[in-house]
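A short write-up of the structure that comes next.
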Amino acid sequence: NKRIKIKHLIENTYTGETVTVMGWVRTRRSNKHVTFIALNDGSSIQNYQIVADPEKINEELLKKANTGACLKITGTVVASQGSGQQSEIQADRIEILGEADPDKYPIQPKKHSLEFLRENAHLRVRTNTFGAIFRIRHHLAFAVHQYFHQKGFCYLHSPIITASDAEGAGETFQVTTLDLKNPPRDENNAINFKEDFFERATNLTVSGQLEGELAALALSEIYTFGPTFRAENSNTTRHLAEFWMIEPEMAFYDAEDNQNLAEDFLQYIIGFALENCQEDLAFLDQRAAEEEKNKKAEQRSELGLLERLEFVTKNTFVRISYTEALDILRNSKPNKKKKFTYPIDEWGTDLQSEHERYLVEKHFKKPVIITDYPKAIKSFYMKQNEDGKTVAAMDILFPGIGEIIGGSQREERLDKLTERMQELGISQEEMWWYLDTRRFGTAPHAGFGLGFERLVQFVTGMSNIRDVIPFPRTPGNAEF
Ligand code: 4AD
Ligand code: MG
């Protein structure tokens, strides 16, 4: 018998047919007459009920069908007596593919804490919560490709090993074949990277943007979607050392075109999840509602998870400049103490996440696009505005998340760009290839980066970013 996935068994009528299913036991209960097994194969959040009659199935074998064990079951599909689902399987034959010792298997049929499951990240995907999260993550990734493909963008594979630091924040992971305990030295006693595999110092990429710009100035519209790496030592619920970023880059787009695309893109992919992940989202919506009950009244969000997702797909985002945002923040009383932890008085200071979240969650109660930041707090490649103080940057802020997208129109004028690089001490010799685009056929262009895990966080309602990537990489954590 050919294997049938549980999702298909649930969605189609197989009554009277003999079928084979394979999957992992979630629960088993028995009475004198019969044993019920709830089986899950990951194709759906729903378990499928297997009914085993001790007259047909060896009792010793049934005792091995513990939570976590993997089974192959052949039997007849019959209409179900219970209210939970339409059909169930009356087992003719059960084969134990893999046992799971109930005294040792960590994932028991009860509610485990997320902290406990993080320590068992190799098995946590066998829970309803993580099954739902990773199926939604898949759908979001698929929607990203679908969106850009439909718009005629070309998927560009940017390199993972690079020699540049696109964001200039000095938070790169070095890559080398040298033995750093005993490295070769040059005449100045500096490490001699000439003997490295690449014959130079290299690092893991922090962003595919610079390579994306090269391609956009030939293919017009591209996007990257790949892993990026940052050795920033911020142990927060929003930061990973290894995260996935989607970076579209478009020739002939200005800052406003860039904002329009980002808004439309976010609404499309969130709408795609709402349409295609209904069961998983309904489960997570309930989960989020239960979490809310444990929060203090003032920290509870007004909308439930599904309501939040629908709201974002249906309402236009607020667009304000950094200067306007600062005015709002200066005149606001964020809490009982009427003060932010980080004061926000001086023009030029960067917004902290408490400021961002105040604007989104308390003031506007909508996603907010903040534009035209002071140039001193943004990267070298951003287009300088006429005022000489600001750049054509945008950050998109989401409720519960804060910054989800960062982007800008790019500085396409060679003289302005090199002037800024000089001010910031960025080597023009090393970036000769990047500057070549401004030397030969430069064009206005713009782009942005969406942090994929922050998006998955928003859509699944998970409060810790470690719970939306299968194998989180954070300070001190790279075991599995
Ligand atoms: O704002 P960032 O640093 O912008 C860039 O990297 C640009 N090169 C993007 C572009 O214009 N092409 O990062 C973009 C987004 C952030 O808004 C955030 O969502 C996410 O990437 N991000 C992180 N996500 C998880 N962990 C981290 N450590 C992150 N750092 C940034
Ligand atoms: Mg940013």
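Identifiers in this document derive from the order of the structure tokens: chains are assigned A, B, ..., residues are numbered from 1 separately in each chain, and ligands are numbered from 1 in order of occurrence.
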Could you list, as an MDAnalysis selection string, every residue within 12 Å of stretch 357-361 of chain A, counting only C-alpha atoms and ignoring same-chain residues fewer than 3 positions away? chainID A and resid 298:303 308 312 317:320 322 324:335 339:340 351:354 364:370 396:404
Output file for the selection above: C-alpha atoms, as a CSV table (one decimal), in the first residue's frame:
```
chain,number,residue,atom,x,y,z
A,298,GLU,CA,-1.2,47.7,30.4
A,299,GLN,CA,1.0,45.3,28.3
A,300,ARG,CA,-1.8,43.4,26.7
A,301,SER,CA,-2.4,44.2,23.1
A,302,GLU,CA,-5.8,45.3,22.0
A,303,LEU,CA,-6.0,43.0,19.0
A,308,ARG,CA,-3.5,42.1,14.0
A,312,VAL,CA,-2.0,45.3,8.8
A,317,PHE,CA,1.0,52.5,6.9
A,318,VAL,CA,1.7,55.9,8.5
A,319,ARG,CA,4.6,57.8,6.9
A,320,ILE,CA,6.5,60.4,8.9
A,322,TYR,CA,12.5,61.3,11.7
A,324,GLU,CA,8.4,64.6,12.9
A,325,ALA,CA,8.8,61.4,14.9
A,326,LEU,CA,11.1,63.2,17.3
A,327,ASP,CA,8.6,66.0,17.9
A,328,ILE,CA,5.9,63.4,18.8
A,329,LEU,CA,8.2,61.6,21.1
A,330,ARG,CA,9.4,64.8,22.8
A,331,ASN,CA,5.8,65.8,23.6
A,332,SER,CA,4.6,62.4,24.8
A,333,LYS,CA,4.1,60.8,28.1
A,334,PRO,CA,4.8,57.2,27.5
A,335,ASN,CA,4.0,55.7,30.9
A,339,LYS,CA,9.6,59.4,30.7
A,340,PHE,CA,11.5,57.1,28.4
A,351,LEU,CA,15.6,55.9,18.2
A,352,GLN,CA,15.6,53.1,20.7
A,353,SER,CA,13.2,50.3,20.5
A,354,GLU,CA,11.1,51.7,23.3
A,364,PHE,CA,-0.4,55.7,15.8
A,365,LYS,CA,-1.5,52.1,16.5
A,366,LYS,CA,-0.5,51.3,12.9
A,367,PRO,CA,2.7,50.2,11.1
A,368,VAL,CA,4.9,53.3,10.7
A,369,ILE,CA,7.4,54.2,8.0
A,370,ILE,CA,10.0,56.6,9.3
A,396,ILE,CA,9.4,50.3,8.9
A,397,LEU,CA,8.2,49.7,12.4
A,398,PHE,CA,5.6,47.0,13.3
A,399,PRO,CA,3.6,46.5,16.5
A,400,GLY,CA,5.2,44.0,18.9
A,401,ILE,CA,8.3,43.9,16.8
A,402,GLY,CA,9.8,47.4,16.2
A,403,GLU,CA,12.0,47.7,13.2
A,404,ILE,CA,11.1,45.0,10.6
```
Q. Which of stretch 85-317 of chain A counts as strand (DSSP E or B) under DSSP, as JSON, numbers by chain please?
A. {"A": [87, 88, 89, 90, 91, 92, 93, 94, 95, 96, 97, 98, 154, 155, 161, 162, 174, 175, 185, 191, 202, 203, 204, 221, 222, 223, 224, 225, 226, 227, 228, 229, 242, 243, 244, 245, 246, 247, 248, 249, 250, 251]}
Now that the selection is made, can you save its residues with C-alpha atoms as a PDB file, in the first residue's frame?
```pdb
ATOM      1  CA  SER A  87     -12.736   9.526   9.637  1.00  0.00           C
ATOM      2  CA  GLU A  88     -10.287   7.232  11.397  1.00  0.00           C
ATOM      3  CA  ILE A  89      -8.314   4.100  10.574  1.00  0.00           C
ATOM      4  CA  GLN A  90      -9.142   0.664  11.934  1.00  0.00           C
ATOM      5  CA  ALA A  91      -5.687  -0.853  12.002  1.00  0.00           C
ATOM      6  CA  ASP A  92      -5.033  -4.221  10.361  1.00  0.00           C
ATOM      7  CA  ARG A  93      -1.281  -4.051  10.821  1.00  0.00           C
ATOM      8  CA  ILE A  94       1.025  -1.848  12.871  1.00  0.00           C
ATOM      9  CA  GLU A  95       4.775  -1.790  12.466  1.00  0.00           C
ATOM     10  CA  ILE A  96       7.017   0.061  14.916  1.00  0.00           C
ATOM     11  CA  LEU A  97       9.560   1.916  12.766  1.00  0.00           C
ATOM     12  CA  GLY A  98      11.242   3.564  15.737  1.00  0.00           C
ATOM     13  CA  CYS A 154      15.265  38.305 -10.591  1.00  0.00           C
ATOM     14  CA  TYR A 155      16.371  36.219  -7.586  1.00  0.00           C
ATOM     15  CA  ILE A 161      31.794  34.802   2.170  1.00  0.00           C
ATOM     16  CA  THR A 162      32.796  38.381   1.398  1.00  0.00           C
ATOM     17  CA  GLN A 174      35.784  36.283  10.344  1.00  0.00           C
ATOM     18  CA  VAL A 175      36.366  33.386   7.992  1.00  0.00           C
ATOM     19  CA  ARG A 185      53.085  36.958  10.385  1.00  0.00           C
ATOM     20  CA  ILE A 191      48.677  38.340  10.655  1.00  0.00           C
ATOM     21  CA  THR A 202      37.280  37.583   4.712  1.00  0.00           C
ATOM     22  CA  ASN A 203      34.080  37.414   6.735  1.00  0.00           C
ATOM     23  CA  LEU A 204      30.526  36.105   6.615  1.00  0.00           C
ATOM     24  CA  GLU A 221      14.973  44.678 -10.376  1.00  0.00           C
ATOM     25  CA  ILE A 222      16.457  41.951  -8.227  1.00  0.00           C
ATOM     26  CA  TYR A 223      16.058  40.489  -4.767  1.00  0.00           C
ATOM     27  CA  THR A 224      18.279  38.397  -2.556  1.00  0.00           C
ATOM     28  CA  PHE A 225      17.008  35.981   0.078  1.00  0.00           C
ATOM     29  CA  GLY A 226      19.713  34.344   2.092  1.00  0.00           C
ATOM     30  CA  PRO A 227      21.375  33.960   5.459  1.00  0.00           C
ATOM     31  CA  THR A 228      23.228  36.925   6.928  1.00  0.00           C
ATOM     32  CA  PHE A 229      25.468  37.027   9.971  1.00  0.00           C
ATOM     33  CA  GLU A 242      22.440  34.163  11.923  1.00  0.00           C
ATOM     34  CA  PHE A 243      19.237  35.432  10.343  1.00  0.00           C
ATOM     35  CA  TRP A 244      17.670  35.418   6.896  1.00  0.00           C
ATOM     36  CA  MET A 245      17.195  38.635   5.002  1.00  0.00           C
ATOM     37  CA  ILE A 246      15.211  39.530   1.881  1.00  0.00           C
ATOM     38  CA  GLU A 247      16.794  42.429   0.047  1.00  0.00           C
ATOM     39  CA  PRO A 248      15.136  43.787  -3.086  1.00  0.00           C
ATOM     40  CA  GLU A 249      17.114  46.370  -5.052  1.00  0.00           C
ATOM     41  CA  MET A 250      15.566  48.369  -7.875  1.00  0.00           C
ATOM     42  CA  ALA A 251      17.046  50.648 -10.514  1.00  0.00           C
TER      43      ALA A 251
END
```
Taking a cut-off of 8 Å and counting only C-alpha atoms, can you build a table that, for each residue of stretch 363-422 of chain A near stretch 253-256 of chain A, reports the nearest atom pair and how far apart they are in Å (one decimal), sorted by chain then residue number, as a tab-separated table?
```
residue	atom	partner	partner_atom	distance
A:Ala392	CA	A:Ala255	CA	6.4
A:Ala393	CA	A:Ala255	CA	7.6
A:Ser408	CA	A:Ala255	CA	6.4
A:Gln409	CA	A:Ala255	CA	5.1
```
Per residue of chain A within 9 Å of ligand 2, note the shortest atom pair and the distance in Å to one decimal, counting only C-alpha atoms and all ligand atoms, and order the rows by chain and increasing residue number, as CSV.
```
residue,atom,partner,partner_atom_place_in_ligand_line,distance
A:Lys378,CA,ligand 2,1 (Mg),8.2
A:Met394,CA,ligand 2,1 (Mg),8.8
A:Asp395,CA,ligand 2,1 (Mg),6.7
A:Glu403,CA,ligand 2,1 (Mg),7.0
A:Ile404,CA,ligand 2,1 (Mg),8.2
A:Ile405,CA,ligand 2,1 (Mg),6.9
A:Gly406,CA,ligand 2,1 (Mg),4.6
A:Gly407,CA,ligand 2,1 (Mg),7.5
A:Gly449,CA,ligand 2,1 (Mg),8.4
```
Those residues you just picked out, can you put them in a file as a short mmCIF file (atom, residue, chain, number, x, y, z; two decimals), in the first residue's frame with N, CA and C atoms?
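out_14.cif written:
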```cif
data_model
loop_
_atom_site.label_atom_id
_atom_site.label_comp_id
_atom_site.auth_asym_id
_atom_site.auth_seq_id
_atom_site.Cartn_x
_atom_site.Cartn_y
_atom_site.Cartn_z
N LYS A 378 23.19 56.66 10.02
CA LYS A 378 22.86 55.69 8.97
C LYS A 378 24.09 55.36 8.12
N MET A 394 14.65 54.79 5.11
CA MET A 394 13.35 54.46 5.71
C MET A 394 13.52 53.26 6.62
N ASP A 395 12.82 53.31 7.74
CA ASP A 395 12.68 52.13 8.60
C ASP A 395 11.19 51.86 8.70
N GLU A 403 11.51 47.59 14.54
CA GLU A 403 12.00 47.66 13.16
C GLU A 403 11.92 46.30 12.47
N ILE A 404 11.19 46.27 11.36
CA ILE A 404 11.09 45.02 10.61
C ILE A 404 11.82 45.15 9.27
N ILE A 405 11.85 46.40 8.76
CA ILE A 405 12.53 46.68 7.49
C ILE A 405 13.43 47.90 7.66
N GLY A 406 14.60 47.85 7.05
CA GLY A 406 15.47 49.02 6.93
C GLY A 406 15.84 49.17 5.47
N GLY A 407 15.82 50.40 4.96
CA GLY A 407 16.18 50.57 3.55
C GLY A 407 16.45 52.01 3.22
N GLY A 449 15.82 45.96 3.22
CA GLY A 449 16.06 44.62 3.76
C GLY A 449 14.98 44.28 4.77
#
```
Using only C-alpha atoms, the best pick from A:Ala69, A:Gly75, A:Gly461, A:Glu356 as closest to A:Ile50 would be A:Gly75
